[in-house]
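final.txt (compact mmCIF, C-alpha atoms) appears below.
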# COMPACT_ATOMS: atom_id res chain seq x y z
CA MET A 1 -106.00 -18.30 100.14
CA ARG A 2 -102.23 -18.65 99.54
CA GLU A 3 -101.11 -18.11 95.97
CA ARG A 4 -99.71 -21.24 94.35
CA VAL A 5 -96.23 -20.88 92.90
CA ALA A 6 -94.78 -23.35 90.41
CA ASN A 7 -91.21 -23.31 91.72
CA PRO A 8 -91.18 -21.76 95.19
CA ASP A 9 -87.40 -22.16 95.64
CA ASP A 10 -86.58 -20.08 92.58
CA PRO A 11 -85.54 -16.44 93.04
CA PRO A 12 -88.30 -13.97 92.27
CA VAL A 13 -88.60 -13.13 88.59
CA HIS A 14 -89.13 -9.49 87.75
CA ARG A 15 -91.36 -8.52 84.91
CA PRO A 16 -89.52 -6.94 81.98
CA PRO A 17 -89.81 -3.18 81.69
CA GLN A 18 -92.90 -2.12 79.78
CA GLY A 19 -92.75 0.28 76.86
CA ARG A 20 -95.46 1.86 74.79
CA GLU A 21 -95.50 -1.10 72.42
CA GLY A 22 -95.19 -3.83 75.01
CA PRO A 23 -92.36 -5.41 76.98
CA ARG A 24 -88.91 -3.99 76.42
CA PRO A 25 -85.58 -5.85 76.58
CA GLY A 26 -83.90 -6.36 79.92
CA PRO A 27 -81.75 -3.71 81.59
CA ASN A 28 -78.43 -4.98 80.21
CA PHE A 29 -79.47 -5.61 76.65
CA LEU A 30 -77.14 -2.89 75.42
CA GLY A 31 -74.24 -4.35 77.38
CA LEU A 32 -71.77 -6.87 76.02
CA GLU A 33 -73.74 -9.93 77.10
CA GLY A 34 -76.96 -8.53 75.69
CA ARG A 35 -75.43 -7.72 72.33
CA ILE A 36 -73.73 -11.13 72.16
CA ALA A 37 -77.05 -12.82 72.84
CA VAL A 38 -78.82 -10.80 70.15
CA VAL A 39 -76.18 -11.49 67.49
CA GLN A 40 -75.99 -15.18 68.38
CA GLY A 41 -79.76 -15.38 68.05
CA GLN A 42 -79.52 -13.70 64.64
CA VAL A 43 -76.82 -16.16 63.53
CA LEU A 44 -78.93 -19.10 64.65
CA ILE A 45 -82.07 -17.94 62.86
CA VAL A 46 -80.27 -17.11 59.61
CA ALA A 47 -78.44 -20.45 59.73
CA VAL A 48 -81.78 -22.27 60.02
CA ILE A 49 -83.13 -20.26 57.07
CA MET A 50 -80.05 -21.18 55.05
CA ILE A 51 -80.49 -24.88 55.84
CA VAL A 52 -84.10 -24.67 54.58
CA GLN A 53 -82.85 -22.95 51.42
CA LEU A 54 -80.30 -25.71 50.90
CA TRP A 55 -83.13 -28.22 51.04
CA LEU A 56 -85.14 -26.13 48.57
CA ILE A 57 -82.32 -25.92 46.03
CA THR A 58 -81.68 -29.65 46.38
CA ASP A 59 -85.31 -30.39 45.60
CA ALA A 60 -85.28 -27.90 42.71
CA LEU A 61 -82.26 -29.60 41.17
CA PHE A 62 -83.86 -33.01 41.64
CA GLN A 63 -87.05 -31.86 39.92
CA LEU A 64 -85.17 -30.17 37.09
CA LEU A 65 -83.11 -33.29 36.38
CA SER A 66 -86.29 -35.39 36.54
CA GLY A 67 -87.81 -33.32 33.74
CA ARG A 68 -90.46 -31.69 35.92
CA SER A 69 -90.72 -27.93 36.08
CA SER A 70 -94.17 -27.23 37.53
CA ASN A 71 -92.91 -26.64 41.10
CA LEU A 72 -89.64 -24.87 40.32
CA GLY A 73 -91.19 -21.40 40.45
CA TRP A 74 -92.74 -22.07 43.85
CA LEU A 75 -89.45 -23.37 45.20
CA ALA A 76 -87.67 -20.21 43.99
CA LEU A 77 -90.41 -18.06 45.54
CA VAL A 78 -90.09 -19.73 48.94
CA SER A 79 -86.31 -19.41 48.74
CA GLY A 80 -86.74 -15.69 48.01
CA LEU A 81 -89.01 -15.29 51.01
CA GLY A 82 -86.33 -16.98 53.11
CA PHE A 83 -83.75 -14.51 51.82
CA VAL A 84 -85.99 -11.54 52.65
CA LEU A 85 -86.53 -12.97 56.13
CA ALA A 86 -82.78 -13.42 56.53
CA LEU A 87 -82.20 -9.78 55.55
CA ILE A 88 -84.81 -8.63 58.06
CA VAL A 89 -83.30 -10.73 60.82
CA THR A 90 -79.81 -9.48 59.94
CA PHE A 91 -80.47 -5.75 59.79
CA TRP A 92 -83.60 -5.06 61.82
CA PRO A 93 -82.31 -5.62 65.38
CA SER A 94 -79.22 -3.46 64.83
CA ARG A 95 -81.48 -0.60 63.76
CA ARG A 96 -83.61 -1.01 66.86
CA ILE A 97 -80.56 -1.04 69.11
CA THR A 98 -79.16 2.07 67.44
CA GLU A 99 -82.46 3.94 67.75
CA SER A 100 -82.95 3.09 71.37
CA MET B 1 -61.84 -19.42 64.27
CA VAL B 2 -61.31 -20.21 67.92
CA GLN B 3 -59.53 -17.61 69.94
CA GLU B 4 -56.98 -19.31 72.12
CA ALA B 5 -55.23 -17.91 75.15
CA ASP B 6 -52.07 -16.08 74.29
CA PRO B 7 -49.18 -18.48 74.86
CA LYS B 8 -46.92 -15.62 75.95
CA ASP B 9 -49.08 -14.99 79.00
CA GLU B 10 -49.09 -18.64 79.85
CA HIS B 11 -45.35 -18.77 79.47
CA GLU B 12 -44.83 -15.78 81.72
CA GLN B 13 -47.08 -17.25 84.37
CA SER B 14 -45.16 -20.50 84.37
CA ILE B 15 -41.80 -18.79 84.97
CA LYS B 16 -40.80 -18.88 88.60
CA PRO B 17 -37.56 -17.61 90.24
CA ASP B 18 -34.84 -20.23 90.41
CA PRO B 19 -33.75 -21.42 93.86
CA PRO B 20 -30.61 -19.75 95.19
CA ALA B 21 -27.28 -21.31 94.21
CA GLY B 22 -25.94 -23.79 96.65
CA SER B 23 -29.25 -24.80 98.08
CA GLU B 24 -29.83 -28.43 97.31
CA ILE B 25 -33.50 -28.98 96.88
CA LYS B 26 -34.29 -32.31 95.33
CA PRO B 27 -37.18 -32.10 92.98
CA GLY B 28 -40.10 -34.24 94.01
CA PRO B 29 -42.12 -36.42 91.62
CA ALA B 30 -44.78 -33.74 91.13
CA SER B 31 -42.27 -31.08 90.17
CA ARG B 32 -40.58 -33.50 87.78
CA VAL B 33 -43.91 -34.15 86.09
CA ARG B 34 -44.54 -30.40 85.86
CA ALA B 35 -41.10 -29.81 84.37
CA TYR B 36 -41.63 -32.60 81.84
CA ARG B 37 -45.00 -31.21 80.83
CA LYS B 38 -43.58 -27.72 80.47
CA GLN B 39 -40.71 -28.98 78.36
CA SER B 40 -42.95 -31.02 76.09
CA ARG B 41 -45.35 -28.08 75.75
CA GLU B 42 -42.57 -25.74 74.71
CA GLU B 43 -41.28 -28.25 72.17
CA TRP B 44 -44.76 -28.46 70.71
CA ARG B 45 -44.92 -24.70 70.36
CA GLU B 46 -41.51 -24.56 68.70
CA GLU B 47 -42.50 -27.20 66.18
CA PHE B 48 -45.87 -25.65 65.39
CA PRO B 49 -45.51 -21.90 65.82
CA TYR B 50 -48.74 -19.94 65.49
CA PRO B 51 -48.61 -16.45 63.92
CA TRP B 52 -50.88 -14.69 66.40
CA GLU B 53 -50.09 -11.28 65.00
CA GLU B 54 -51.22 -12.29 61.54
CA ASP B 55 -54.40 -14.04 62.62
CA GLU B 56 -57.76 -12.59 61.61
CA ILE B 57 -60.49 -13.07 64.13
CA VAL B 58 -63.91 -13.81 62.59
CA THR B 59 -66.56 -12.06 64.62
CA ARG B 60 -70.17 -13.13 65.13
CA ARG B 61 -71.30 -10.24 62.96
CA ASP B 62 -68.98 -11.39 60.15
CA THR B 63 -70.55 -14.84 60.41
CA LEU B 64 -74.00 -13.29 60.28
CA ARG B 65 -73.18 -11.29 57.16
CA PHE B 66 -71.62 -14.35 55.54
CA LEU B 67 -74.77 -16.38 56.25
CA ALA B 68 -77.01 -13.63 54.86
CA ALA B 69 -74.90 -13.49 51.68
CA GLY B 70 -75.10 -17.28 51.41
CA SER B 71 -78.86 -17.06 51.74
CA GLY B 72 -78.96 -14.62 48.84
CA ALA B 73 -76.68 -16.84 46.76
CA LEU B 74 -78.93 -19.85 47.38
CA PHE B 75 -81.97 -17.81 46.38
CA LEU B 76 -80.27 -16.73 43.15
CA ALA B 77 -79.23 -20.29 42.35
CA THR B 78 -82.77 -21.60 42.94
CA GLY B 79 -84.13 -18.83 40.71
CA VAL B 80 -81.66 -19.75 37.96
CA LEU B 81 -82.81 -23.38 38.16
CA ALA B 82 -86.44 -22.24 37.90
CA VAL B 83 -85.63 -20.12 34.83
CA ILE B 84 -83.74 -22.99 33.19
CA GLY B 85 -86.61 -25.37 33.90
CA ASN B 86 -89.14 -23.05 32.30
CA LEU B 87 -87.14 -22.22 29.18
CA PRO B 88 -88.97 -23.24 26.01
CA SER B 89 -87.81 -26.67 24.95
CA GLY B 90 -86.68 -27.61 21.44
CA PRO B 91 -88.91 -27.98 18.41
CA PRO B 92 -92.40 -29.33 19.10
CA VAL B 93 -92.66 -33.10 19.18
CA GLN B 94 -94.13 -34.57 16.04
CA ALA B 95 -96.84 -37.21 16.31
CA VAL B 96 -95.51 -40.69 15.74
CA ALA B 97 -97.66 -43.49 14.34
CA VAL B 98 -97.35 -46.47 16.68
CA ALA B 99 -100.03 -48.97 15.57
CA LYS B 100 -103.23 -49.48 13.64
CA VAL B 101 -106.56 -49.59 15.44
CA GLY B 102 -107.41 -53.20 16.33
CA GLU B 103 -103.88 -54.36 15.63
CA LEU B 104 -103.15 -55.20 19.29
CA ALA B 105 -105.18 -57.91 20.97
CA GLU B 106 -105.95 -57.68 24.71
CA ASN B 107 -102.84 -57.87 26.90
CA GLU B 108 -100.69 -57.40 23.82
CA TRP B 109 -98.05 -54.70 23.88
CA ARG B 110 -95.54 -53.00 21.65
CA VAL B 111 -92.46 -50.81 22.12
CA PHE B 112 -92.00 -47.79 19.89
CA ASN B 113 -89.57 -44.88 19.53
CA PHE B 114 -90.92 -41.66 21.03
CA PRO B 115 -90.33 -38.72 21.10
CA ASP B 116 -87.07 -39.44 19.23
CA GLN B 117 -85.00 -42.41 18.22
CA TYR B 118 -83.14 -42.42 21.54
CA ASN B 119 -86.23 -42.84 23.75
CA GLN B 120 -88.92 -45.47 23.79
CA GLY B 121 -92.51 -45.83 24.88
CA ILE B 122 -94.64 -48.87 25.51
CA LEU B 123 -98.18 -49.26 24.13
CA ILE B 124 -100.45 -51.75 25.89
CA ASN B 125 -103.98 -52.91 25.17
CA LEU B 126 -105.32 -53.41 28.69
CA PRO B 127 -108.44 -55.53 29.19
CA GLY B 128 -111.32 -53.31 30.21
CA LYS B 129 -109.34 -50.08 29.75
CA GLY B 130 -108.14 -50.07 26.19
CA LEU B 131 -104.94 -48.56 24.89
CA VAL B 132 -102.49 -46.91 27.27
CA ALA B 133 -98.93 -45.77 26.64
CA TYR B 134 -96.07 -44.83 28.93
CA SER B 135 -92.41 -44.10 28.64
CA ASP B 136 -90.72 -47.44 29.17
CA VAL B 137 -87.82 -45.89 31.06
CA CYS B 138 -87.99 -46.91 34.71
CA THR B 139 -87.99 -43.88 37.00
CA HIS B 140 -85.52 -45.58 39.32
CA LEU B 141 -82.36 -46.11 37.24
CA SER B 142 -83.66 -45.91 33.65
CA CYS B 143 -83.90 -49.59 32.76
CA ALA B 144 -86.58 -50.58 30.25
CA VAL B 145 -89.80 -51.85 31.83
CA LEU B 146 -91.68 -54.83 30.40
CA TYR B 147 -95.38 -55.58 30.49
CA GLN B 148 -96.53 -58.63 32.45
CA ASN B 149 -99.87 -60.07 31.49
CA ASP B 150 -101.26 -59.46 34.99
CA GLY B 151 -101.77 -55.71 34.48
CA ARG B 152 -98.37 -54.69 35.81
CA LEU B 153 -95.18 -53.31 34.31
CA HIS B 154 -92.01 -54.92 35.61
CA CYS B 155 -88.52 -53.47 35.76
CA PRO B 156 -86.11 -56.44 35.69
CA CYS B 157 -83.12 -54.50 37.02
CA HIS B 158 -84.31 -53.93 40.59
CA GLU B 159 -87.73 -55.57 40.66
CA GLY B 160 -89.75 -52.37 40.35
CA LEU B 161 -93.45 -52.79 39.61
CA PHE B 162 -95.83 -50.25 38.07
CA ASP B 163 -99.60 -50.35 37.62
CA ALA B 164 -100.24 -50.64 33.90
CA ALA B 165 -103.58 -48.84 34.20
CA THR B 166 -102.16 -45.69 35.80
CA GLY B 167 -98.37 -45.91 35.61
CA ASN B 168 -98.12 -45.52 39.38
CA VAL B 169 -95.53 -47.38 41.43
CA LEU B 170 -96.75 -50.61 43.03
CA ALA B 171 -93.52 -51.98 44.52
CA GLY B 172 -89.77 -51.76 44.41
CA PRO B 173 -87.30 -48.89 44.57
CA PRO B 174 -88.92 -46.43 42.10
CA THR B 175 -90.65 -43.49 43.76
CA ARG B 176 -92.18 -41.68 40.78
CA PRO B 177 -94.78 -42.92 38.29
CA LEU B 178 -93.93 -43.60 34.67
CA PRO B 179 -94.33 -40.60 32.33
CA LEU B 180 -97.57 -40.85 30.38
CA ILE B 181 -97.71 -40.73 26.60
CA GLN B 182 -100.87 -39.19 25.19
CA LEU B 183 -102.40 -41.01 22.23
CA ALA B 184 -104.58 -39.83 19.37
CA ILE B 185 -106.39 -41.82 16.69
CA HIS B 186 -106.60 -40.46 13.17
CA ASN B 187 -107.83 -42.36 10.11
CA GLY B 188 -107.48 -45.72 11.85
CA THR B 189 -103.91 -45.06 13.02
CA ILE B 190 -102.84 -44.61 16.62
CA TYR B 191 -100.39 -41.74 17.17
CA ALA B 192 -98.23 -40.87 20.15
CA VAL B 193 -98.55 -37.11 20.45
CA ARG B 194 -97.13 -35.92 23.77
CA LEU B 195 -95.00 -37.05 26.70
CA VAL B 196 -96.35 -35.95 30.10
CA PRO B 197 -93.72 -36.06 32.89
CA ARG B 198 -95.19 -36.73 36.32
Once more with this new file: its structure as structure tokens, please.
Amino acid sequence: MRERVANPDDPPVHRPPQGREGPRPGPNFLGLEGRIAVVQGQVLIVAVIMIVQLWLITDALFQLLSGRSSNLGWLALVSGLGFVLALIVTFWPSRRITES
Amino acid sequence: MVQEADPKDEHEQSIKPDPPAGSEIKPGPASRVRAYRKQSREEWREEFPYPWEEDEIVTRRDTLRFLAAGSGALFLATGVLAVIGNLPSGPPVQAVAVAKVGELAENEWRVFNFPDQYNQGILINLPGKGLVAYSDVCTHLSCAVLYQNDGRLHCPCHEGLFDAATGNVLAGPPTRPLPLIQLAIHNGTIYAVRLVPR
């Protein structure tokens, strides 16, 4: 029986190279285009985290000025988690690229 | 900052050798348009010179570091707000006598100063529920709410309505319920003892 293909006119897609811990980045990920893509992805993710943090601080200010303080600690905690995530996203891929 | 093509290169590309002297070549309409565009472009550059040598290009990695630093600043600011919100407030509120037991008939209400002379609460004797008290400051824009005899509190400024039994919003622009005032009865006197923000 003939194998069904979703988009038969597309060029064949090669599987990414496999490493010990799973699929590895494509062959040109250390080239200029690959590094640009990685850094742009980092910028996008950290920007989204920052937008969430802006929302959190807006809500914290609203609650503080409304005389309510029960949720302020949780808002600060979530903002801290966002900051930790932003640090990981900022520094982790560069370490991986350097090691490889 | 957007990196633009170096105008020097563009200028050099647009320079072409002049026709030899004596040859009379009349410029066509297309060449006249090109010459006009070139002239206007050069005038624009003379009027608004750009110091390319002094420009600092912001790289993607600079943007990334700036965003990460901003994330840390936002975290610090949120933490400061949390600390300020949990600082111990001023001296403990003293109980304020607001009425005698049995003084208010059903659906009767009274306004009293609590917790200080600049803030007021409203005490209502609700049929079937008894005495309830709330801050009478509307949570929309801080007008004073008034009790209607149908079990609702009405804000006359923007037609906000609150349930007198719970303090919750029934209609209008307010989004938060009225702060509750806890009551205590001692020796036949009703005291307002604590304001509970909600």
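The two atoms in question, atom CA of Glu47 of chain B and atom CA of Ala35 of chain B, are spaced 18.4 Å apart.
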Kindly provide, as a ChimeraX atom specification, the residues of chain B having any atom no farther than 12 Å from an atom of chain A, counting all atoms listed in the file. /B:59-89,137-142,175-179,195-198
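As for atom CA of Glu33 of chain A and atom CA of Pro16 of chain A, they are spaced 16.8 Å apart.
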What would the list of residues within 8 Å of (-107.1, -50.7, 16.4) (file frame) look like as a PDB file with C-alpha atoms, in the coordinates of the input, if only C-alpha atoms are what count?
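As a result, result11.pdb now contains:
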ATOM      1  CA  ALA B  99    -100.030 -48.970  15.570  1.00  0.00           C
ATOM      2  CA  LYS B 100    -103.230 -49.480  13.640  1.00  0.00           C
ATOM      3  CA  VAL B 101    -106.560 -49.590  15.440  1.00  0.00           C
ATOM      4  CA  GLY B 102    -107.410 -53.200  16.330  1.00  0.00           C
ATOM      5  CA  GLU B 103    -103.880 -54.360  15.630  1.00  0.00           C
ATOM      6  CA  LEU B 104    -103.150 -55.200  19.290  1.00  0.00           C
ATOM      7  CA  GLY B 188    -107.480 -45.720  11.850  1.00  0.00           C
ATOM      8  CA  THR B 189    -103.910 -45.060  13.020  1.00  0.00           C
ATOM      9  CA  ILE B 190    -102.840 -44.610  16.620  1.00  0.00           C
TER      10      ILE B 190
END
Ala144 of chain B: which residues within 12 Å, counting only C-alpha atoms, same-chain residues fewer than 3 positions away excluded, as a PDB file with C-alpha atoms, keeping the file's coordinate frame?
ATOM      1  CA  VAL B 111     -92.460 -50.810  22.120  1.00  0.00           C
ATOM      2  CA  ASN B 119     -86.230 -42.840  23.750  1.00  0.00           C
ATOM      3  CA  GLN B 120     -88.920 -45.470  23.790  1.00  0.00           C
ATOM      4  CA  GLY B 121     -92.510 -45.830  24.880  1.00  0.00           C
ATOM      5  CA  ILE B 122     -94.640 -48.870  25.510  1.00  0.00           C
ATOM      6  CA  TYR B 134     -96.070 -44.830  28.930  1.00  0.00           C
ATOM      7  CA  SER B 135     -92.410 -44.100  28.640  1.00  0.00           C
ATOM      8  CA  ASP B 136     -90.720 -47.440  29.170  1.00  0.00           C
ATOM      9  CA  VAL B 137     -87.820 -45.890  31.060  1.00  0.00           C
ATOM     10  CA  CYS B 138     -87.990 -46.910  34.710  1.00  0.00           C
ATOM     11  CA  THR B 139     -87.990 -43.880  37.000  1.00  0.00           C
ATOM     12  CA  HIS B 140     -85.520 -45.580  39.320  1.00  0.00           C
ATOM     13  CA  LEU B 141     -82.360 -46.110  37.240  1.00  0.00           C
ATOM     14  CA  TYR B 147     -95.380 -55.580  30.490  1.00  0.00           C
ATOM     15  CA  LEU B 153     -95.180 -53.310  34.310  1.00  0.00           C
ATOM     16  CA  HIS B 154     -92.010 -54.920  35.610  1.00  0.00           C
ATOM     17  CA  CYS B 155     -88.520 -53.470  35.760  1.00  0.00           C
ATOM     18  CA  PRO B 156     -86.110 -56.440  35.690  1.00  0.00           C
ATOM     19  CA  CYS B 157     -83.120 -54.500  37.020  1.00  0.00           C
ATOM     20  CA  HIS B 158     -84.310 -53.930  40.590  1.00  0.00           C
ATOM     21  CA  GLU B 159     -87.730 -55.570  40.660  1.00  0.00           C
ATOM     22  CA  GLY B 160     -89.750 -52.370  40.350  1.00  0.00           C
ATOM     23  CA  LEU B 161     -93.450 -52.790  39.610  1.00  0.00           C
ATOM     24  CA  LEU B 178     -93.930 -43.600  34.670  1.00  0.00           C
TER      25      LEU B 178
END
Work out how far apart atom CA of Asp55 of chain B and atom CA of Glu42 of chain B are and give it in Å to one decimal. 20.6 Å
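Distances from A:Pro93, A:Phe62, A:Arg4, A:Asp10 to Phe29 of chain A were compared using all atoms listed in the file, and the smallest one belongs to A:Pro93.
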